[in-house]
$ cat target07.pdb   # PDB, C-alpha atoms and all ligand atoms
ATOM      1  CA  LEU A   1      36.405  29.455  -0.938
ATOM      2  CA  ASP A   2      33.787  31.360  -2.893
ATOM      3  CA  HIS A   3      30.679  31.525  -0.725
ATOM      4  CA  ASP A   4      28.484  33.167  -3.335
ATOM      5  CA  ALA A   5      29.161  30.446  -5.886
ATOM      6  CA  LEU A   6      28.624  27.760  -3.274
ATOM      7  CA  ILE A   7      25.301  29.253  -2.183
ATOM      8  CA  GLU A   8      24.187  29.695  -5.795
ATOM      9  CA  ALA A   9      24.972  26.048  -6.559
ATOM     10  CA  ALA A  10      23.133  24.888  -3.428
ATOM     11  CA  LEU A  11      20.082  26.921  -4.438
ATOM     12  CA  GLN A  12      20.147  25.060  -7.753
ATOM     13  CA  GLY A  13      20.013  21.875  -5.733
ATOM     14  CA  GLU A  14      23.522  20.807  -6.637
ATOM     15  CA  ARG A  15      24.341  17.836  -4.459
ATOM     16  CA  GLY A  16      27.981  18.622  -3.708
ATOM     17  CA  ALA A  17      27.185  22.185  -2.700
ATOM     18  CA  VAL A  18      24.364  21.079  -0.410
ATOM     19  CA  ALA A  19      26.686  18.534   1.207
ATOM     20  CA  ARG A  20      29.356  21.160   1.769
ATOM     21  CA  LEU A  21      26.917  23.598   3.331
ATOM     22  CA  ILE A  22      25.632  20.941   5.718
ATOM     23  CA  SER A  23      29.225  20.122   6.648
ATOM     24  CA  MET A  24      29.668  23.799   7.342
ATOM     25  CA  VAL A  25      26.652  23.640   9.665
ATOM     26  CA  GLU A  26      28.106  20.594  11.425
ATOM     27  CA  ASN A  27      31.472  22.249  11.857
ATOM     28  CA  GLY A  28      29.957  25.517  13.023
ATOM     29  CA  GLY A  29      32.548  27.756  11.416
ATOM     30  CA  SER A  30      32.646  31.521  11.657
ATOM     31  CA  GLU A  31      31.317  31.863   8.089
ATOM     32  CA  LEU A  32      28.042  30.186   9.075
ATOM     33  CA  PRO A  33      26.033  33.352   9.910
ATOM     34  CA  VAL A  34      26.812  34.874   6.510
ATOM     35  CA  VAL A  35      25.813  31.692   4.684
ATOM     36  CA  MET A  36      22.623  31.260   6.675
ATOM     37  CA  GLU A  37      21.689  34.865   5.987
ATOM     38  CA  ALA A  38      22.043  34.324   2.248
ATOM     39  CA  LEU A  39      19.981  31.138   2.353
ATOM     40  CA  TYR A  40      17.245  32.439   4.596
ATOM     41  CA  ALA A  41      15.389  34.347   1.890
ATOM     42  CA  HIS A  42      14.957  31.060   0.007
ATOM     43  CA  THR A  43      13.324  29.126   2.828
ATOM     44  CA  GLY A  44       9.826  28.839   4.210
ATOM     45  CA  ALA A  45       8.134  26.703   1.572
ATOM     46  CA  GLY A  46       9.178  23.339   2.969
ATOM     47  CA  TYR A  47       7.343  21.066   5.363
ATOM     48  CA  SER A  48       9.243  19.049   7.932
ATOM     49  CA  ILE A  49       8.326  15.690   9.378
ATOM     50  CA  GLY A  50      10.041  14.331  12.485
ATOM     51  CA  ILE A  51      10.272  10.623  13.127
ATOM     52  CA  THR A  52      11.270   9.496  16.579
ATOM     53  CA  GLY A  53      11.176   6.287  18.572
ATOM     54  CA  ALA A  54      13.375   3.685  20.217
ATOM     55  CA  PRO A  55      16.360   2.199  18.377
ATOM     56  CA  GLY A  56      15.172  -0.643  16.159
ATOM     57  CA  ALA A  57      11.554   0.536  16.037
ATOM     58  CA  GLY A  58      11.806   0.846  12.270
ATOM     59  CA  LYS A  59      12.334   4.594  11.846
ATOM     60  CA  SER A  60      14.844   4.308   9.003
ATOM     61  CA  THR A  61      12.785   1.721   7.164
ATOM     62  CA  LEU A  62       9.718   3.931   7.506
ATOM     63  CA  THR A  63      11.705   6.952   6.376
ATOM     64  CA  GLU A  64      12.777   5.188   3.236
ATOM     65  CA  ARG A  65       9.149   4.274   2.507
ATOM     66  CA  LEU A  66       8.021   7.846   3.110
ATOM     67  CA  VAL A  67      10.729   9.129   0.779
ATOM     68  CA  ALA A  68       9.416   6.846  -1.961
ATOM     69  CA  GLU A  69       5.828   7.904  -1.242
ATOM     70  CA  ALA A  70       6.706  11.598  -1.368
ATOM     71  CA  ARG A  71       8.748  11.171  -4.547
ATOM     72  CA  GLY A  72       5.834   9.356  -6.148
ATOM     73  CA  ARG A  73       3.734  12.429  -5.435
ATOM     74  CA  GLY A  74       6.224  14.758  -7.037
ATOM     75  CA  HIS A  75       7.917  16.141  -3.945
ATOM     76  CA  GLN A  76      11.612  16.713  -3.547
ATOM     77  CA  VAL A  77      12.801  15.193  -0.313
ATOM     78  CA  GLY A  78      15.592  15.847   2.138
ATOM     79  CA  VAL A  79      16.415  13.446   4.967
ATOM     80  CA  LEU A  80      18.440  14.188   8.083
ATOM     81  CA  ALA A  81      19.264  11.124  10.151
ATOM     82  CA  ILE A  82      20.306  12.171  13.620
ATOM     83  CA  ASP A  83      21.642   9.864  16.274
ATOM     84  CA  PRO A  84      22.938  11.723  19.319
ATOM     85  CA  THR A  85      24.101   8.445  20.857
ATOM     86  CA  SER A  86      26.653   7.892  18.087
ATOM     87  CA  PRO A  87      27.686  11.343  16.897
ATOM     88  CA  PHE A  88      30.743  10.154  15.013
ATOM     89  CA  SER A  89      29.021   7.743  12.677
ATOM     90  CA  GLY A  90      29.009   4.028  13.306
ATOM     91  CA  GLY A  91      27.083   0.883  12.570
ATOM     92  CA  ALA A  92      23.607   2.359  12.691
ATOM     93  CA  LEU A  93      24.432   5.291  10.474
ATOM     94  CA  LEU A  94      26.294   3.137   8.025
ATOM     95  CA  GLY A  95      23.292   0.810   7.983
ATOM     96  CA  ASP A  96      21.049   3.746   7.178
ATOM     97  CA  ARG A  97      23.241   4.728   4.280
ATOM     98  CA  VAL A  98      23.269   1.253   2.820
ATOM     99  CA  ARG A  99      19.520   0.898   3.028
ATOM    100  CA  MET A 100      18.940   4.343   1.633
ATOM    101  CA  GLN A 101      20.834   3.433  -1.477
ATOM    102  CA  SER A 102      17.646   2.777  -3.416
ATOM    103  CA  HIS A 103      17.327   6.564  -3.493
ATOM    104  CA  ALA A 104      20.994   7.292  -3.946
ATOM    105  CA  THR A 105      20.773   7.946  -7.655
ATOM    106  CA  ASP A 106      17.619  10.075  -7.455
ATOM    107  CA  ALA A 107      18.434  13.788  -7.811
ATOM    108  CA  GLY A 108      15.169  14.656  -6.042
ATOM    109  CA  VAL A 109      16.389  13.102  -2.800
ATOM    110  CA  PHE A 110      19.174  14.215  -0.486
ATOM    111  CA  ILE A 111      20.038  12.053   2.505
ATOM    112  CA  ARG A 112      22.456  12.943   5.215
ATOM    113  CA  SER A 113      23.480  11.418   8.515
ATOM    114  CA  MET A 114      24.157  14.335  10.801
ATOM    115  CA  ALA A 115      26.747  14.731  13.480
ATOM    116  CA  THR A 116      27.952  17.836  15.204
ATOM    117  CA  ARG A 117      31.674  18.050  15.154
ATOM    118  CA  GLY A 118      32.248  21.632  16.067
ATOM    119  CA  HIS A 119      28.874  23.333  16.147
ATOM    120  CA  LEU A 120      28.788  24.843  19.594
ATOM    121  CA  GLY A 121      25.023  24.860  19.752
ATOM    122  CA  GLY A 122      25.015  21.106  19.207
ATOM    123  CA  LEU A 123      22.287  19.341  17.317
ATOM    124  CA  SER A 124      19.541  21.631  18.565
ATOM    125  CA  LEU A 125      21.042  24.415  16.477
ATOM    126  CA  ALA A 126      22.575  22.341  13.702
ATOM    127  CA  THR A 127      19.321  20.534  12.863
ATOM    128  CA  PRO A 128      17.176  23.552  11.942
ATOM    129  CA  GLU A 129      20.121  25.025  10.048
ATOM    130  CA  ALA A 130      20.678  21.853   8.032
ATOM    131  CA  ALA A 131      16.937  21.607   7.364
ATOM    132  CA  ARG A 132      17.082  25.165   6.075
ATOM    133  CA  VAL A 133      19.900  24.286   3.695
ATOM    134  CA  LEU A 134      17.777  21.439   2.301
ATOM    135  CA  GLU A 135      14.757  23.714   1.997
ATOM    136  CA  ALA A 136      16.753  26.347   0.153
ATOM    137  CA  ALA A 137      17.970  23.591  -2.169
ATOM    138  CA  GLY A 138      14.367  22.909  -3.163
ATOM    139  CA  LYS A 139      13.485  20.021  -0.868
ATOM    140  CA  ASP A 140       9.867  20.770  -0.025
ATOM    141  CA  ILE A 141       9.629  17.768   2.310
ATOM    142  CA  VAL A 142      12.308  17.343   4.962
ATOM    143  CA  ILE A 143      12.262  14.221   7.114
ATOM    144  CA  ILE A 144      14.232  14.272  10.352
ATOM    145  CA  GLU A 145      14.895  10.909  11.981
ATOM    146  CA  THR A 146      15.946  11.049  15.626
ATOM    147  CA  VAL A 147      16.502   8.186  17.989
ATOM    148  CA  GLY A 148      14.172   8.628  20.918
ATOM    149  CA  VAL A 149      16.268   9.061  23.985
ATOM    150  CA  GLY A 150      14.914  11.394  26.614
ATOM    151  CA  GLN A 151      15.502  15.006  25.676
ATOM    152  CA  ALA A 152      15.890  14.254  21.977
ATOM    153  CA  GLU A 153      12.201  13.419  21.727
ATOM    154  CA  VAL A 154      11.156  16.730  23.154
ATOM    155  CA  GLU A 155      13.606  18.535  20.930
ATOM    156  CA  ILE A 156      12.368  16.915  17.746
ATOM    157  CA  ALA A 157       8.824  17.998  18.524
ATOM    158  CA  ASP A 158      10.107  21.549  18.441
ATOM    159  CA  ALA A 159      12.229  21.005  15.367
ATOM    160  CA  CYS A 160       9.573  19.885  12.871
ATOM    161  CA  ASP A 161       6.052  20.579  11.646
ATOM    162  CA  THR A 162       4.604  17.110  12.230
ATOM    163  CA  THR A 163       6.033  14.677  14.782
ATOM    164  CA  ILE A 164       5.603  10.950  14.268
ATOM    165  CA  VAL A 165       6.291   8.676  17.229
ATOM    166  CA  VAL A 166       7.082   5.102  16.229
ATOM    167  CA  LEU A 167       6.181   2.290  18.610
ATOM    168  CA  ASN A 168       6.094  -1.467  18.179
ATOM    169  CA  PRO A 169       3.536  -3.983  19.348
ATOM    170  CA  GLY A 170       4.499  -5.335  22.713
ATOM    171  CA  TRP A 171       3.205  -5.346  26.185
ATOM    172  CA  GLY A 172       3.567  -2.067  28.034
ATOM    173  CA  ASP A 173       4.718   0.074  25.128
ATOM    174  CA  ALA A 174       1.768   2.440  25.327
ATOM    175  CA  VAL A 175       2.291   2.826  29.060
ATOM    176  CA  GLN A 176       5.953   3.572  28.510
ATOM    177  CA  ALA A 177       5.061   6.073  25.825
ATOM    178  CA  ALA A 178       2.752   7.885  28.219
ATOM    179  CA  LYS A 179       5.407   7.916  30.918
ATOM    180  CA  ALA A 180       7.986   9.320  28.534
ATOM    181  CA  GLY A 181       5.684  12.226  27.744
ATOM    182  CA  LEU A 182       5.164  11.096  24.166
ATOM    183  CA  MET A 183       1.414  11.718  24.340
ATOM    184  CA  GLU A 184       2.164  15.425  24.406
ATOM    185  CA  ILE A 185       4.629  15.481  21.531
ATOM    186  CA  ALA A 186       3.148  12.962  19.066
ATOM    187  CA  ASP A 187       1.016  14.329  16.244
ATOM    188  CA  ILE A 188       0.776  10.839  14.797
ATOM    189  CA  PHE A 189       1.490   7.458  16.370
ATOM    190  CA  VAL A 190       2.805   4.681  14.174
ATOM    191  CA  VAL A 191       2.593   1.123  15.435
ATOM    192  CA  ASN A 192       5.238  -0.374  13.188
ATOM    193  CA  LYS A 193       5.944  -4.109  12.831
ATOM    194  CA  ALA A 194       2.219  -4.674  12.543
ATOM    195  CA  ASP A 195       3.091  -8.087  11.129
ATOM    196  CA  ARG A 196       3.807  -9.077  14.715
ATOM    197  CA  GLN A 197       1.463 -10.249  17.405
ATOM    198  CA  GLY A 198      -0.103  -7.729  19.707
ATOM    199  CA  THR A 199      -0.629  -4.961  17.171
ATOM    200  CA  ARG A 200      -4.348  -4.680  17.825
ATOM    201  CA  ASP A 201      -3.742  -4.579  21.572
ATOM    202  CA  ALA A 202      -1.122  -1.871  21.167
ATOM    203  CA  VAL A 203      -3.469   0.261  19.069
ATOM    204  CA  ARG A 204      -6.307  -0.195  21.551
ATOM    205  CA  GLU A 205      -4.080   0.613  24.515
ATOM    206  CA  LEU A 206      -2.800   3.743  22.813
ATOM    207  CA  ARG A 207      -6.312   4.851  21.921
ATOM    208  CA  GLN A 208      -7.387   4.493  25.540
ATOM    209  CA  MET A 209      -4.408   6.505  26.738
ATOM    210  CA  LEU A 210      -5.101   9.235  24.210
ATOM    211  CA  GLU A 211      -8.740   9.439  25.212
ATOM    212  CA  MET A 212      -7.753  10.015  28.802
ATOM    213  CA  ALA A 213      -5.208  12.655  27.837
ATOM    214  CA  GLU A 214      -7.843  15.106  26.485
ATOM    215  CA  LEU A 215      -5.575  16.650  23.881
ATOM    216  CA  PRO A 216      -6.723  19.397  21.491
ATOM    217  CA  TRP A 217      -5.494  17.327  18.542
ATOM    218  CA  LYS A 218      -6.247  13.617  18.661
ATOM    219  CA  PRO A 219      -3.186  11.936  17.151
ATOM    220  CA  GLU A 220      -4.070   9.344  14.578
ATOM    221  CA  ILE A 221      -2.756   5.837  15.222
ATOM    222  CA  VAL A 222      -1.438   4.193  12.072
ATOM    223  CA  PRO A 223      -0.342   0.534  12.009
ATOM    224  CA  THR A 224       2.430  -0.076   9.464
ATOM    225  CA  ILE A 225       4.704  -2.795   8.197
ATOM    226  CA  ALA A 226       7.625  -0.724   7.012
ATOM    227  CA  THR A 227       9.406  -3.719   5.519
ATOM    228  CA  ASP A 228       6.637  -4.354   2.961
ATOM    229  CA  GLY A 229       5.124  -0.879   2.757
ATOM    230  CA  SER A 230       1.759  -1.666   4.347
ATOM    231  CA  GLY A 231       0.136   1.384   5.896
ATOM    232  CA  ILE A 232       2.480   3.920   4.286
ATOM    233  CA  ASP A 233      -0.322   5.327   2.161
ATOM    234  CA  GLU A 234      -2.427   5.783   5.323
ATOM    235  CA  LEU A 235       0.538   7.362   7.087
ATOM    236  CA  TRP A 236       0.976   9.852   4.267
ATOM    237  CA  THR A 237      -2.721  10.712   4.469
ATOM    238  CA  ALA A 238      -2.440  11.184   8.244
ATOM    239  CA  ILE A 239       0.496  13.559   7.763
ATOM    240  CA  GLY A 240      -1.560  15.532   5.245
ATOM    241  CA  ALA A 241      -4.517  15.705   7.641
ATOM    242  CA  HIS A 242      -2.319  17.014  10.453
ATOM    243  CA  ARG A 243      -0.755  19.548   8.132
ATOM    244  CA  GLU A 244      -4.166  20.800   7.010
ATOM    245  CA  TYR A 245      -5.383  21.000  10.588
ATOM    246  CA  GLN A 246      -2.417  23.160  11.566
ATOM    247  CA  GLU A 247      -2.571  25.324   8.479
ATOM    248  CA  GLY A 248      -6.285  25.879   8.920
ATOM    249  CA  ASN A 249      -6.176  27.218  12.447
ATOM    250  CA  GLY A 250      -2.909  29.116  12.514
ATOM    251  CA  LEU A 251      -1.140  26.491  14.623
ATOM    252  CA  LEU A 252       1.569  25.870  12.049
ATOM    253  CA  ALA A 253       2.629  29.508  12.043
ATOM    254  CA  LYS A 254       2.560  29.476  15.833
ATOM    255  CA  ARG A 255       4.647  26.321  16.006
ATOM    256  CA  ARG A 256       7.222  27.776  13.645
ATOM    257  CA  ARG A 257       7.400  31.013  15.579
ATOM    258  CA  ARG A 258       8.052  29.042  18.752
ATOM    259  CA  ARG A 259      10.812  27.229  16.922
ATOM    260  CA  ILE A 260      12.400  30.461  15.735
ATOM    261  CA  GLU A 261      12.165  31.905  19.221
ATOM    262  CA  ARG A 262      14.004  28.918  20.596
ATOM    263  CA  GLU A 263      16.615  29.114  17.867
ATOM    264  CA  ILE A 264      17.324  32.772  18.604
ATOM    265  CA  ARG A 265      17.528  31.975  22.300
ATOM    266  CA  ASP A 266      20.006  29.168  21.557
ATOM    267  CA  ILE A 267      22.151  31.425  19.385
ATOM    268  CA  VAL A 268      22.249  34.142  22.024
ATOM    269  CA  ALA A 269      23.089  31.643  24.774
ATOM    270  CA  GLU A 270      25.811  30.180  22.593
ATOM    271  CA  ARG A 271      27.311  33.568  21.819
ATOM    272  CA  MET A 272      27.277  34.511  25.483
ATOM    273  CA  ARG A 273      29.030  31.261  26.309
ATOM    274  CA  GLN A 274      31.638  32.021  23.674
ATOM    275  CA  ARG A 275      32.186  35.477  25.087
ATOM    276  CA  VAL A 276      32.577  34.087  28.573
ATOM    277  CA  GLU A 277      35.129  31.659  27.182
ATOM    278  CA  SER A 278      37.004  34.543  25.622
ATOM    279  CA  HIS A 279      37.683  35.767  29.144
ATOM    280  CA  ALA A 280      39.101  32.416  30.166
ATOM    281  CA  GLY A 281      42.647  32.785  31.375
ATOM    282  CA  GLY A 282      42.222  36.505  31.969
ATOM    283  CA  LEU A 283      39.429  37.978  34.008
ATOM    284  CA  LEU A 284      37.749  34.617  34.555
ATOM    285  CA  GLU A 285      40.888  33.153  36.096
ATOM    286  CA  GLN A 286      41.432  36.214  38.222
ATOM    287  CA  LEU A 287      37.855  36.118  39.533
ATOM    288  CA  SER A 288      38.139  32.384  40.200
ATOM    289  CA  GLU A 289      41.191  32.973  42.320
ATOM    290  CA  GLU A 290      39.396  35.617  44.341
ATOM    291  CA  VAL A 291      36.446  33.291  44.877
ATOM    292  CA  ALA A 292      38.788  30.457  45.873
ATOM    293  CA  ALA A 293      40.459  32.786  48.386
ATOM    294  CA  ARG A 294      37.010  33.653  49.825
ATOM    295  CA  ARG A 295      37.420  37.314  48.951
ATOM    296  CA  LEU A 296      34.449  37.069  46.604
ATOM    297  CA  ASP A 297      31.453  34.758  46.204
ATOM    298  CA  PRO A 298      30.585  33.152  42.843
ATOM    299  CA  TYR A 299      27.513  35.336  42.276
ATOM    300  CA  ARG A 300      29.424  38.554  42.800
ATOM    301  CA  ALA A 301      32.133  37.180  40.511
ATOM    302  CA  ALA A 302      29.510  36.435  37.848
ATOM    303  CA  ASP A 303      28.212  39.997  38.155
ATOM    304  CA  ARG A 304      31.709  41.323  37.601
ATOM    305  CA  LEU A 305      32.166  39.145  34.527
ATOM    306  CA  ILE A 306      28.800  40.247  33.091
ATOM    307  CA  GLU A 307      29.772  43.874  33.667
ATOM    308  CA  ALA A 308      32.990  43.256  31.766
ATOM    309  CA  LEU A 309      31.072  41.599  28.911
ATOM    310  CA  GLU A 310      28.650  44.493  28.699
ATOM    311  CA  ALA A 311      31.481  46.983  28.645
ATOM    312  CA  GLY A 312      32.713  45.088  25.562
TER     313      GLY A 312
HETATM  314  N1  LIG B   1       9.044  -7.601  11.137
HETATM  315  C1  LIG B   1       9.268  -6.324  10.855
HETATM  316  N2  LIG B   1      10.529  -5.852  10.913
HETATM  317  C2  LIG B   1      10.725  -4.532  10.610
HETATM  318  C3  LIG B   1       9.657  -3.681  10.273
HETATM  319  N3  LIG B   1      10.160  -2.446  10.060
HETATM  320  C4  LIG B   1      11.481  -2.532  10.262
HETATM  321  N4  LIG B   1      11.826  -3.788  10.590
HETATM  322  C5  LIG B   1      13.175  -4.283  10.909
HETATM  323  O1  LIG B   1      13.587  -3.786  12.155
HETATM  324  C6  LIG B   1      14.986  -3.542  12.165
HETATM  325  C7  LIG B   1      15.273  -2.109  12.590
HETATM  326  O2  LIG B   1      14.785  -1.227  11.602
HETATM  327  P1  LIG B   1      15.348   0.259  11.425
HETATM  328  O3  LIG B   1      14.537   0.902  10.370
HETATM  329  O4  LIG B   1      16.809   0.264  11.266
HETATM  330  O5  LIG B   1      14.996   0.855  12.867
HETATM  331  P2  LIG B   1      15.467   2.274  13.499
HETATM  332  O6  LIG B   1      16.591   1.963  14.418
HETATM  333  O7  LIG B   1      14.254   2.732  14.267
HETATM  334  O8  LIG B   1      15.824   3.191  12.399
HETATM  335  C8  LIG B   1      15.480  -3.860  10.761
HETATM  336  O9  LIG B   1      16.005  -5.153  10.756
HETATM  337  C9  LIG B   1      14.225  -3.789   9.931
HETATM  338  O10 LIG B   1      14.282  -4.609   8.791
HETATM  339  C10 LIG B   1       8.337  -4.218  10.217
HETATM  340  O11 LIG B   1       7.352  -3.552   9.927
HETATM  341  N5  LIG B   1       8.217  -5.557  10.508
HETATM  342 MG    MG B   2      17.601   4.383  12.069
END
$ encode --input "target07.pdb" --output "structure tokens"
Amino acid sequence: LDHDALIEAALQGERGAVARLISMVENGGSELPVVMEALYAHTGAGYSIGITGAPGAGKSTLTERLVAEARGRGHQVGVLAIDPTSPFSGGALLGDRVRMQSHATDAGVFIRSMATRGHLGGLSLATPEAARVLEAAGKDIVIIETVGVGQAEVEIADACDTTIVVLNPGWGDAVQAAKAGLMEIADIFVVNKADRQGTRDAVRELRQMLEMAELPWKPEIVPTIATDGSGIDELWTAIGAHREYQEGNGLLAKRRRRRIEREIRDIVAERMRQRVESHAGGLLEQLSEEVAARRLDPYRAADRLIEALEAG
């Protein structure tokens, strides 16, 4: 396996090389740090957009529309579809692939359903790394679709430059959104399926909630019909406005620094975990036995293990 050739090909945007590097990220092999180091110098110019919301809200349909919109404006686009509830592919992911086929022959688009097979840091580490691969391959817009389930929503807000929360018209959705803490993470709200009844109520309800929240940035509320493309133009404009706002006041740089900080923290935590594991069977087992025999308490045992780690 020639890493240099692989990296060079990925930098040229070669599809197969990009796919292999993302697989490498998913598998979390030992060669990953070297590869990421080589790619890192070629990143930084991309802009990432996160799309989150409940299953069935229309995230994938919206993503496909946004891809077309971005392509029409001359951008190269990467898409990462992440579904932590079905990490080993399945109906939803397959569905995404089928629908995305309208872009399948376009060299300016790279779409990937992500899963973490072996990456020890899980998706929170694999996602920024995969996004970086796409960026290095020339994708200046990276869209990350995540199904909104609890922690994943908070994580996506950290993982991208603009976070879009997708809701549907329907009684109580705005209230649920507020309860789930979405008011704090959404940079833009999309009320998708605006062809359905209750859209105006949903928008009004959301607006009221946002007014009460007193946020520094007032998220725009964009009604869309992803199936026919209505509102996509407005959504693109809203993304641009949020980007400009963040670029103008230094918030984008701040947001990215926070992201990097978290990534470093995750890597360190992961490495520490690995090192602890490397003592499994030896010192760890011995300490466990002493704790079980009440000769030692777990905290003292942890101290002893840390001392051993520090001693190398
Ligand atoms: N009526 C209507 N259906 C939509 C709209 N957007 C998406 N859908 C449908 O909703 C279903 C779920 O869409 P999908 O994009 O897979 O949702 P995801 O799970 O959030 O990615 C599909 O059958 C879509 O065709 C919309 O604006 N109006
Ligand atoms: Mg989807």
$ resolve_selection --input "target07.pdb" --expression "the PyMOL selection byres (((chain A and resi 37) around 12) and not hetatm)" --output "VMD selection string"
chain A and resid 3 to 4 7 31 to 36 38 to 43 129 132 to 133 136
$ atom_distance --input "target07.pdb" --atom1 "atom O3 of ligand LIG 1 (chain B)" --atom2 "atom CA of Leu62 of chain A"
6.4 Å
$ resolve_selection --input "target07.pdb" --expression "the PyMOL selection byres (((chain A and resi 275) around 12) and not hetatm)" --output "short mmCIF file (atom, residue, chain, number, x, y, z; two decimals) with C-alpha atoms, in the coordinates of the input"
data_model
loop_
_atom_site.label_atom_id
_atom_site.label_comp_id
_atom_site.auth_asym_id
_atom_site.auth_seq_id
_atom_site.Cartn_x
_atom_site.Cartn_y
_atom_site.Cartn_z
CA VAL A 268 22.25 34.14 22.02
CA ALA A 269 23.09 31.64 24.77
CA GLU A 270 25.81 30.18 22.59
CA ARG A 271 27.31 33.57 21.82
CA MET A 272 27.28 34.51 25.48
CA ARG A 273 29.03 31.26 26.31
CA GLN A 274 31.64 32.02 23.67
CA VAL A 276 32.58 34.09 28.57
CA GLU A 277 35.13 31.66 27.18
CA SER A 278 37.00 34.54 25.62
CA HIS A 279 37.68 35.77 29.14
CA ALA A 280 39.10 32.42 30.17
CA LEU A 283 39.43 37.98 34.01
CA LEU A 284 37.75 34.62 34.56
CA LEU A 305 32.17 39.15 34.53
CA ILE A 306 28.80 40.25 33.09
CA ALA A 308 32.99 43.26 31.77
CA LEU A 309 31.07 41.60 28.91
CA GLU A 310 28.65 44.49 28.70
CA GLY A 312 32.71 45.09 25.56
#
$ closest_atom_pairs --input "target07.pdb" --of "chain A" --to "ligand LIG 1 (chain B)" --cutoff "10 Å" --atoms "only C-alpha atoms and all ligand atoms" --output "tab-separated table"
residue	atom	partner	partner_atom	distance
A:Ile51	CA	B:LIG1	O7	8.9
A:Thr52	CA	B:LIG1	O7	7.7
A:Gly53	CA	B:LIG1	O7	6.4
A:Ala54	CA	B:LIG1	O7	6.1
A:Pro55	CA	B:LIG1	O6	4.0
A:Gly56	CA	B:LIG1	O6	3.4
A:Ala57	CA	B:LIG1	O7	3.9
A:Gly58	CA	B:LIG1	O5	3.2
A:Lys59	CA	B:LIG1	O7	3.6
A:Ser60	CA	B:LIG1	O3	3.7
A:Thr61	CA	B:LIG1	O3	3.7
A:Leu62	CA	B:LIG1	O3	6.4
A:Thr63	CA	B:LIG1	O3	7.8
A:Glu64	CA	B:LIG1	O3	8.5
A:Ala81	CA	B:LIG1	O8	8.9
A:Asp83	CA	B:LIG1	O6	9.6
A:Ala92	CA	B:LIG1	O6	7.2
A:Leu93	CA	B:LIG1	O8	9.1
A:Gly95	CA	B:LIG1	O4	7.3
A:Asp96	CA	B:LIG1	O4	6.8
A:Arg99	CA	B:LIG1	O4	8.7
A:Glu145	CA	B:LIG1	O8	7.8
A:Thr146	CA	B:LIG1	O8	8.5
A:Val147	CA	B:LIG1	O7	7.0
A:Gly148	CA	B:LIG1	O7	8.9
A:Val166	CA	B:LIG1	O7	7.8
A:Leu167	CA	B:LIG1	O7	9.2
A:Asn168	CA	B:LIG1	O11	8.6
A:Val191	CA	B:LIG1	O11	8.7
A:Asn192	CA	B:LIG1	O11	5.0
A:Lys193	CA	B:LIG1	O11	3.3
A:Ala194	CA	B:LIG1	O11	5.9
A:Asp195	CA	B:LIG1	N5	5.7
A:Arg196	CA	B:LIG1	N1	6.5
A:Pro223	CA	B:LIG1	O11	9.0
A:Thr224	CA	B:LIG1	O11	6.0
A:Ile225	CA	B:LIG1	O11	3.3
A:Ala226	CA	B:LIG1	O11	4.1
A:Thr227	CA	B:LIG1	C3	4.8
A:Asp228	CA	B:LIG1	O11	7.0
A:Gly229	CA	B:LIG1	O11	8.0
A:Ser230	CA	B:LIG1	O11	8.1
A:Gly231	CA	B:LIG1	O11	9.6
$ resolve_selection --input "target07.pdb" --expression "the PyMOL selection byres (((chain A and resi 217) around 10) and not hetatm)" --output "list of chain:residue names"
A:Glu184, A:Ala186, A:Asp187, A:Ile188, A:Leu210, A:Glu214, A:Leu215, A:Pro216, A:Lys218, A:Pro219, A:Glu220, A:His242, A:Tyr245, A:Gln246
$ residues_near_point --input "target07.pdb" --point "(-2.9, 4.7, 27.4)" --cutoff "12 Å" --atoms "all atoms listed in the file" --output "list in words"
Trp171, Gly172, Asp173, Ala174, Val175, Gln176, Ala177, Ala178, Lys179, Ala180, Gly181, Leu182, Met183, Asp201, Ala202, Val203, Arg204, Glu205, Leu206, Arg207, Gln208, Met209, Leu210, Glu211, Met212, Ala213 and Glu214 of chain A
$ atom_distance --input "target07.pdb" --atom1 "atom CA of Ala9 of chain A" --atom2 "atom CA of Ile111 of chain A"
17.4 Å
$ closest_residue --input "target07.pdb" --among "A:Ile144, A:Leu125, A:Arg15, A:Leu134" --to "ligand MG 2 (chain B)" --atoms "only C-alpha atoms and all ligand atoms"
A:Ile144
$ closest_residue --input "target07.pdb" --among "A:Ala159, A:Met114, A:Val291, A:Ala19" --to "ligand MG 2 (chain B)" --atoms "all atoms listed in the file"
A:Met114
$ closest_residue --input "target07.pdb" --among "A:Ile143, A:Ile22, A:Ala302, A:Ala10" --to "Ser48 of chain A" --atoms "all atoms listed in the file"
A:Ile143
